[in-house]
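S.K.: Handing over target.cif, mmCIF, C-alpha atoms.
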```
data_my_file
#
loop_
_atom_site.group_PDB
_atom_site.id
_atom_site.type_symbol
_atom_site.label_atom_id
_atom_site.label_comp_id
_atom_site.auth_asym_id
_atom_site.auth_seq_id
_atom_site.Cartn_x
_atom_site.Cartn_y
_atom_site.Cartn_z
ATOM 1 C CA MET A 914 40.225 110.868 -27.263
ATOM 2 C CA GLY A 915 36.509 110.243 -27.027
ATOM 3 C CA ALA A 916 33.951 110.191 -24.285
ATOM 4 C CA ARG A 917 33.827 107.646 -21.526
ATOM 5 C CA LEU A 918 30.587 106.298 -20.178
ATOM 6 C CA HIS A 919 31.247 104.777 -16.772
ATOM 7 C CA ILE A 920 28.652 102.424 -15.370
ATOM 8 C CA CYS A 921 28.655 101.512 -11.696
ATOM 9 C CA MET A 922 28.612 97.716 -11.631
ATOM 10 C CA THR A 923 28.159 97.349 -7.900
ATOM 11 C CA CYS A 924 25.292 99.760 -7.424
ATOM 12 C CA LYS A 925 22.416 98.414 -5.379
ATOM 13 C CA ALA A 926 20.476 101.639 -5.861
ATOM 14 C CA GLY A 927 19.876 101.806 -2.121
ATOM 15 C CA LEU A 928 18.004 98.477 -2.127
ATOM 16 C CA ALA A 929 18.619 95.013 -0.781
ATOM 17 C CA VAL A 930 19.479 92.605 -3.602
ATOM 18 C CA PRO A 931 17.203 89.536 -3.553
ATOM 19 C CA GLU A 932 19.041 86.217 -3.518
ATOM 20 C CA GLY A 933 19.838 85.039 -7.016
ATOM 21 C CA GLU A 934 19.397 88.502 -8.529
ATOM 22 C CA LYS A 935 22.086 90.860 -9.702
ATOM 23 C CA PRO A 936 22.424 94.338 -8.259
ATOM 24 C CA MET A 937 20.824 97.114 -10.299
ATOM 25 C CA GLY A 938 24.217 98.347 -11.515
ATOM 26 C CA ALA A 939 25.134 94.974 -12.987
ATOM 27 C CA GLN A 940 21.725 94.741 -14.648
ATOM 28 C CA LEU A 941 22.217 98.194 -16.142
ATOM 29 C CA TRP A 942 25.680 97.266 -17.357
ATOM 30 C CA GLU A 943 24.333 94.183 -19.132
ATOM 31 C CA ALA A 944 21.584 96.187 -20.798
ATOM 32 C CA VAL A 945 24.041 98.819 -22.047
ATOM 33 C CA ALA A 946 26.678 96.296 -23.116
ATOM 34 C CA ALA A 947 24.047 94.447 -25.182
ATOM 35 C CA LEU A 948 23.639 97.524 -27.399
ATOM 36 C CA GLU A 949 26.115 98.931 -29.874
ATOM 37 C CA SER A 950 28.249 101.738 -28.464
ATOM 38 C CA PRO A 951 27.909 104.982 -30.419
ATOM 39 C CA GLU A 952 30.896 106.417 -32.258
ATOM 40 C CA GLY A 953 33.311 108.138 -29.921
ATOM 41 C CA VAL A 954 31.898 106.534 -26.782
ATOM 42 C CA GLU A 955 33.771 103.968 -24.727
ATOM 43 C CA VAL A 956 31.639 102.111 -22.182
ATOM 44 C CA ILE A 957 33.590 101.280 -19.030
ATOM 45 C CA PRO A 958 32.457 99.396 -15.917
ATOM 46 C CA VAL A 959 33.513 100.871 -12.573
ATOM 47 C CA ASP A 960 33.169 99.646 -9.031
ATOM 48 C CA CYS A 961 31.572 102.567 -7.250
ATOM 49 C CA LEU A 962 30.543 106.083 -8.154
ATOM 50 C CA SER A 963 29.768 107.009 -4.525
ATOM 51 C CA ALA A 964 26.141 107.673 -5.340
ATOM 52 C CA CYS A 965 24.911 104.558 -3.602
ATOM 53 C CA ASN A 966 21.526 105.875 -2.527
ATOM 54 C CA THR A 967 20.706 107.526 -5.827
ATOM 55 C CA GLY A 968 21.927 104.825 -8.216
ATOM 56 C CA ALA A 969 22.174 103.041 -10.438
ATOM 57 C CA ALA A 970 24.625 105.717 -11.441
ATOM 58 C CA VAL A 971 26.482 106.436 -14.658
ATOM 59 C CA ALA A 972 29.170 109.044 -15.302
ATOM 60 C CA LEU A 973 30.308 110.769 -18.474
ATOM 61 C CA SER A 974 33.808 112.154 -18.823
ATOM 62 C CA MET A 975 35.949 113.449 -21.653
ATOM 63 C CA LYS A 976 39.267 115.249 -21.780
ATOM 64 C CA GLY A 977 38.806 118.991 -21.328
ATOM 65 C CA ALA A 978 35.052 118.601 -20.775
ATOM 66 C CA TRP A 979 32.609 118.876 -17.896
ATOM 67 C CA GLY A 980 31.998 115.521 -16.238
ATOM 68 C CA TYR A 981 28.421 114.490 -15.445
ATOM 69 C CA VAL A 982 26.888 111.934 -13.107
ATOM 70 C CA TYR A 983 23.321 110.704 -13.522
ATOM 71 C CA GLY A 984 21.337 108.606 -11.089
ATOM 72 C CA ARG A 985 18.261 106.425 -10.646
ATOM 73 C CA MET A 986 19.041 104.712 -13.950
ATOM 74 C CA VAL A 987 17.389 101.369 -14.739
ATOM 75 C CA PRO A 988 18.109 98.832 -17.502
ATOM 76 C CA GLU A 989 15.210 100.177 -19.591
ATOM 77 C CA ASN A 990 17.177 103.447 -19.892
ATOM 78 C CA ALA A 991 20.089 101.799 -21.733
ATOM 79 C CA ALA A 992 19.289 103.197 -25.194
ATOM 80 C CA ASP A 993 18.654 106.702 -23.846
ATOM 81 C CA ILE A 994 21.897 106.605 -21.876
ATOM 82 C CA LEU A 995 23.846 105.722 -25.029
ATOM 83 C CA ALA A 996 22.049 108.412 -27.034
ATOM 84 C CA GLY A 997 22.940 110.960 -24.357
ATOM 85 C CA ALA A 998 26.533 109.761 -24.334
ATOM 86 C CA ALA A 999 26.700 110.101 -28.122
ATOM 87 C CA ALA A 1000 25.464 113.708 -27.936
ATOM 88 C CA TYR A 1001 28.024 114.410 -25.209
ATOM 89 C CA ALA A 1002 30.828 112.895 -27.306
ATOM 90 C CA ARG A 1003 29.994 115.263 -30.170
ATOM 91 C CA THR A 1004 30.649 118.350 -28.035
ATOM 92 C CA PRO A 1005 34.089 119.819 -27.331
ATOM 93 C CA ASP A 1006 33.257 120.710 -23.722
ATOM 94 C CA GLY A 1007 30.578 118.276 -22.592
ATOM 95 C CA LEU A 1008 27.855 120.934 -22.713
ATOM 96 C CA VAL A 1009 25.004 119.410 -24.690
ATOM 97 C CA PRO A 1010 22.164 121.851 -25.525
ATOM 98 C CA TRP A 1011 19.329 121.256 -23.062
ATOM 99 C CA ARG A 1012 16.763 120.127 -25.602
ATOM 100 C CA GLU A 1013 19.175 117.602 -27.096
ATOM 101 C CA ARG A 1014 19.638 115.813 -23.781
ATOM 102 C CA PRO A 1015 17.564 112.715 -23.064
ATOM 103 C CA VAL A 1016 14.829 113.449 -20.531
ATOM 104 C CA ILE A 1017 16.487 111.136 -18.006
ATOM 105 C CA PHE A 1018 19.638 113.270 -18.215
ATOM 106 C CA ARG A 1019 17.643 116.485 -17.796
ATOM 107 C CA LYS A 1020 15.789 115.227 -14.761
ATOM 108 C CA GLN A 1021 18.212 112.860 -13.071
ATOM 109 C CA SER A 1022 21.476 114.750 -12.881
ATOM 110 C CA LEU A 1023 23.240 114.097 -9.609
ATOM 111 C CA ALA A 1024 26.114 116.488 -10.192
ATOM 112 C CA ARG A 1025 28.692 117.728 -12.654
ATOM 113 C CA ILE A 1026 32.380 118.593 -12.308
ATOM 114 C CA PRO A 1027 34.217 121.342 -14.186
ATOM 115 C CA PRO A 1028 36.842 120.352 -16.764
ATOM 116 C CA MET A 1029 40.208 119.379 -15.306
ATOM 117 C CA GLU A 1030 41.961 121.651 -17.781
ATOM 118 C CA ALA A 1031 41.135 125.334 -17.635
ATOM 119 C CA MET B 1487 49.165 121.133 -10.759
ATOM 120 C CA GLY B 1488 47.228 121.058 -7.531
ATOM 121 C CA ALA B 1489 43.688 120.370 -6.491
ATOM 122 C CA ARG B 1490 40.738 122.540 -7.345
ATOM 123 C CA LEU B 1491 37.911 123.130 -4.938
ATOM 124 C CA HIS B 1492 34.910 124.346 -6.908
ATOM 125 C CA ILE B 1493 32.127 126.032 -4.984
ATOM 126 C CA CYS B 1494 28.729 126.516 -6.550
ATOM 127 C CA MET B 1495 27.965 130.216 -6.129
ATOM 128 C CA THR B 1496 24.402 130.081 -7.360
ATOM 129 C CA CYS B 1497 23.169 127.146 -5.316
ATOM 130 C CA LYS B 1498 19.893 127.729 -3.536
ATOM 131 C CA ALA B 1499 20.050 124.271 -1.966
ATOM 132 C CA GLY B 1500 16.506 123.610 -3.140
ATOM 133 C CA LEU B 1501 15.128 126.517 -1.120
ATOM 134 C CA ALA B 1502 13.571 129.865 -1.897
ATOM 135 C CA VAL B 1503 16.000 132.685 -1.115
ATOM 136 C CA PRO B 1504 14.423 135.271 1.216
ATOM 137 C CA GLU B 1505 14.597 138.842 -0.045
ATOM 138 C CA GLY B 1506 17.813 140.513 0.965
ATOM 139 C CA GLU B 1507 19.572 137.234 1.650
ATOM 140 C CA LYS B 1508 22.201 135.525 -0.459
ATOM 141 C CA PRO B 1509 21.710 132.020 -1.802
ATOM 142 C CA MET B 1510 23.317 129.252 0.245
ATOM 143 C CA GLY B 1511 26.075 128.784 -2.346
ATOM 144 C CA ALA B 1512 27.163 132.410 -2.115
ATOM 145 C CA GLN B 1513 27.124 132.210 1.678
ATOM 146 C CA LEU B 1514 29.290 129.100 1.537
ATOM 147 C CA TRP B 1515 31.679 130.749 -0.882
ATOM 148 C CA GLU B 1516 32.120 133.731 1.454
ATOM 149 C CA ALA B 1517 32.778 131.460 4.425
ATOM 150 C CA VAL B 1518 35.411 129.468 2.519
ATOM 151 C CA ALA B 1519 37.025 132.536 0.946
ATOM 152 C CA ALA B 1520 37.384 134.095 4.404
ATOM 153 C CA LEU B 1521 39.728 131.276 5.432
ATOM 154 C CA GLU B 1522 43.251 130.617 4.232
ATOM 155 C CA SER B 1523 43.425 128.101 1.382
ATOM 156 C CA PRO B 1524 45.594 125.083 2.194
ATOM 157 C CA GLU B 1525 48.760 124.417 0.232
ATOM 158 C CA GLY B 1526 48.027 122.889 -3.148
ATOM 159 C CA VAL B 1527 44.361 123.868 -3.144
ATOM 160 C CA GLU B 1528 42.892 126.485 -5.449
ATOM 161 C CA VAL B 1529 39.391 127.636 -4.513
ATOM 162 C CA ILE B 1530 37.294 128.439 -7.571
ATOM 163 C CA PRO B 1531 33.718 129.725 -7.774
ATOM 164 C CA VAL B 1532 31.475 128.094 -10.374
ATOM 165 C CA ASP B 1533 27.983 128.855 -11.538
ATOM 166 C CA CYS B 1534 26.222 125.504 -11.249
ATOM 167 C CA LEU B 1535 27.207 121.981 -10.314
ATOM 168 C CA SER B 1536 23.833 120.533 -11.379
ATOM 169 C CA ALA B 1537 23.120 119.332 -7.877
ATOM 170 C CA CYS B 1538 20.491 121.970 -7.229
ATOM 171 C CA ASN B 1539 18.301 119.957 -4.871
ATOM 172 C CA THR B 1540 21.172 118.559 -2.829
ATOM 173 C CA GLY B 1541 23.321 121.699 -2.531
ATOM 174 C CA ALA B 1542 25.083 123.717 -1.544
ATOM 175 C CA ALA B 1543 27.514 121.658 -3.567
ATOM 176 C CA VAL B 1544 31.297 121.639 -3.828
ATOM 177 C CA ALA B 1545 33.481 119.639 -6.201
ATOM 178 C CA LEU B 1546 37.080 118.522 -5.959
ATOM 179 C CA SER B 1547 39.149 117.824 -9.061
ATOM 180 C CA MET B 1548 42.813 117.254 -9.813
ATOM 181 C CA LYS B 1549 44.670 116.091 -12.890
ATOM 182 C CA GLY B 1550 44.746 112.307 -13.084
ATOM 183 C CA ALA B 1551 42.572 111.958 -9.978
ATOM 184 C CA TRP B 1552 39.027 110.924 -9.161
ATOM 185 C CA GLY B 1553 36.681 113.916 -8.991
ATOM 186 C CA TYR B 1554 34.262 114.210 -6.076
ATOM 187 C CA VAL B 1555 31.075 116.173 -5.489
ATOM 188 C CA TYR B 1556 29.682 116.781 -2.013
ATOM 189 C CA GLY B 1557 26.299 118.189 -1.128
ATOM 190 C CA ARG B 1558 24.204 119.732 1.630
ATOM 191 C CA MET B 1559 27.135 121.920 2.633
ATOM 192 C CA VAL B 1560 26.541 124.973 4.824
ATOM 193 C CA PRO B 1561 28.824 127.895 5.706
ATOM 194 C CA GLU B 1562 29.672 126.292 9.068
ATOM 195 C CA ASN B 1563 31.383 123.489 7.105
ATOM 196 C CA ALA B 1564 33.958 125.839 5.555
ATOM 197 C CA ALA B 1565 36.933 124.707 7.672
ATOM 198 C CA ASP B 1566 36.100 121.013 7.237
ATOM 199 C CA ILE B 1567 35.737 121.468 3.484
ATOM 200 C CA LEU B 1568 39.200 123.044 3.286
ATOM 201 C CA ALA B 1569 40.688 120.299 5.488
ATOM 202 C CA GLY B 1570 39.163 117.665 3.203
ATOM 203 C CA ALA B 1571 40.462 119.477 0.143
ATOM 204 C CA ALA B 1572 43.949 119.592 1.672
ATOM 205 C CA ALA B 1573 43.905 115.825 2.291
ATOM 206 C CA TYR B 1574 42.716 115.293 -1.284
ATOM 207 C CA ALA B 1575 45.501 117.512 -2.651
ATOM 208 C CA ARG B 1576 48.095 115.376 -0.882
ATOM 209 C CA THR B 1577 47.057 112.232 -2.777
ATOM 210 C CA PRO B 1578 48.151 111.331 -6.307
ATOM 211 C CA ASP B 1579 44.766 109.907 -7.293
ATOM 212 C CA GLY B 1580 42.179 111.668 -5.158
ATOM 213 C CA LEU B 1581 41.598 108.606 -2.995
ATOM 214 C CA VAL B 1582 41.859 109.811 0.604
ATOM 215 C CA PRO B 1583 41.800 107.016 3.216
ATOM 216 C CA TRP B 1584 38.298 106.814 4.663
ATOM 217 C CA ARG B 1585 39.246 107.737 8.208
ATOM 218 C CA GLU B 1586 41.149 110.802 7.032
ATOM 219 C CA ARG B 1587 38.100 112.261 5.322
ATOM 220 C CA PRO B 1588 36.010 114.836 7.194
ATOM 221 C CA VAL B 1589 32.721 113.340 8.380
ATOM 222 C CA ILE B 1590 30.790 115.627 6.028
ATOM 223 C CA PHE B 1591 32.712 114.122 3.089
ATOM 224 C CA ARG B 1592 32.054 110.569 4.294
ATOM 225 C CA LYS B 1593 28.344 111.149 4.722
ATOM 226 C CA GLN B 1594 27.468 113.703 2.077
ATOM 227 C CA SER B 1595 29.045 112.416 -1.119
ATOM 228 C CA LEU B 1596 26.797 113.012 -4.093
ATOM 229 C CA ALA B 1597 28.976 111.237 -6.626
ATOM 230 C CA ARG B 1598 32.485 110.777 -7.931
ATOM 231 C CA ILE B 1599 33.916 110.560 -11.457
ATOM 232 C CA PRO B 1600 36.864 108.395 -12.534
ATOM 233 C CA PRO B 1601 40.082 110.130 -13.592
ATOM 234 C CA MET B 1602 40.068 111.520 -17.123
ATOM 235 C CA GLU B 1603 43.404 109.868 -17.783
ATOM 236 C CA ALA B 1604 43.543 106.077 -17.643
#
```
Spell out the structure here as structure tokens.
M.R.:
Amino acid sequence: MGARLHICMTCKAGLAVPEGEKPMGAQLWEAVAALESPEGVEVIPVDCLSACNTGAAVALSMKGAWGYVYGRMVPENAADILAGAAAYARTPDGLVPWRERPVIFRKQSLARIPPMEA
Amino acid sequence: MGARLHICMTCKAGLAVPEGEKPMGAQLWEAVAALESPEGVEVIPVDCLSACNTGAAVALSMKGAWGYVYGRMVPENAADILAGAAAYARTPDGLVPWRERPVIFRKQSLARIPPMEA
């Protein structure tokens, strides 16, 4: 079982959405989906990551691993998000060495959750 | 397997810790540990929930359930945190009806992570 990269489709990133535009989350989803997913990473849209004022938000999860949520993501971050997800997928526990994390993951962590299994 | 309430012991909640005082996370831990844990809830100290500027942070996790992280918690919230954890533990999927969540959980969600199992 590989890593899951969840992308909040509905995220408005705390902003009003101008008529005719898509919310930031949907824009981010499109940018990520347009790129090739790295090995071991499944990209999954979700409806809300409860980080509405600090979105667009993405979450990484993997069986037996720490889960991470990152915020203030924009479509231009798509490649970095996938690179960070690929590094995460290569770990057994979700703990990517600090220097191997994309800068946006180092600086824009919202929270992490301990592994479900102990 | 029940719910786990993780409490960040090291959280300084974005503040300097005055000499002789404990960081906010340790104070919160003591307040929660002083109360009786509800049925089905295991209270577990952790070292960092990567929510350092929005702490003190607590996280709820349970097998097959959404994981939640809440922030800006203070020791006075200990009873509400345990009540919220008890309501969470009674669900199969972590999704507590909105009105049954403590106000601090409604207003101070940092993020949530989809269940590890699909």
S.K.: Please report as CSV every residue of chain A lying within 7 Å of chain B, along with the nearest atom pair and their distance in Å (one decimal), using only C-alpha atoms.
M.R.:
```
residue,atom,partner,partner_atom,distance
A:Leu962,CA,B:Arg1598,CA,5.1
A:Ser963,CA,B:Ala1597,CA,4.8
A:Ala964,CA,B:Ala1597,CA,4.7
A:Ala972,CA,B:Ile1599,CA,6.3
A:Ser974,CA,B:Met1602,CA,6.5
A:Met975,CA,B:Met1602,CA,6.4
A:Lys976,CA,B:Met1602,CA,6.0
A:Val982,CA,B:Ala1597,CA,6.8
A:Ser1022,CA,B:Ser1536,CA,6.4
A:Leu1023,CA,B:Ala1537,CA,5.5
A:Ala1024,CA,B:Ala1537,CA,4.7
A:Arg1025,CA,B:Leu1535,CA,5.1
A:Ile1026,CA,B:Ala1545,CA,6.3
A:Met1029,CA,B:Lys1549,CA,6.0
```
S.K.: How many Å lie between CA of Gly1570 (chain B) and CA of Phe1591 (chain B), rounded to one decimal?
M.R.: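 Calculated distance between CA of Gly1570 (chain B) and CA of Phe1591 (chain B) is 7.4 Å.
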S.K.: Which is closest to Glu1528 (chain B) among B:Gly1488, B:Pro1578, B:Pro1509, B:Pro1588, if we use only C-alpha atoms?
M.R.: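 Looking at the shortest contact to Glu1528 (chain B), the residue is B:Gly1488.
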S.K.: Give me, please, the distance in Å between CA of Ala946 (chain A) and CA of Gly1580 (chain B), quoted to one decimal.
M.R.: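 Distance reported for this atom pair: 28.3 Å.
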S.K.: Restricting the calculation to all atoms listed in the file: of B:Ala1517, B:Val1529, B:Val1582, B:Ile1590, which residue gets closest to Asp1566 (chain B)?
M.R.: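 Checking each of B:Ala1517, B:Val1529, B:Val1582, B:Ile1590 against Asp1566 (chain B), counting all atoms listed in the file, the winner is B:Ile1590.
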S.K.: Could you name the residues that touch Glu1562 (chain B) at 10 Å or less, counting all atoms listed in the file, but leaving out those on the same chain fewer than 5 positions away, as a PDB file with C-alpha atoms, in the frame of the given file?
M.R.:
```pdb
ATOM      1  CA  GLN B1513      27.124 132.210   1.678  1.00  0.00           C
ATOM      2  CA  LEU B1514      29.290 129.100   1.537  1.00  0.00           C
ATOM      3  CA  ALA B1517      32.778 131.460   4.425  1.00  0.00           C
ATOM      4  CA  VAL B1518      35.411 129.468   2.519  1.00  0.00           C
ATOM      5  CA  ILE B1567      35.737 121.468   3.484  1.00  0.00           C
TER       6      ILE B1567
END
```
S.K.: Work out how far CA of Glu943 (chain A) is from CA of Thr923 (chain A), in Å to one decimal.
M.R.: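 Value for the CA of Thr923 (chain A)-CA of Glu943 (chain A) distance: 12.3 Å.
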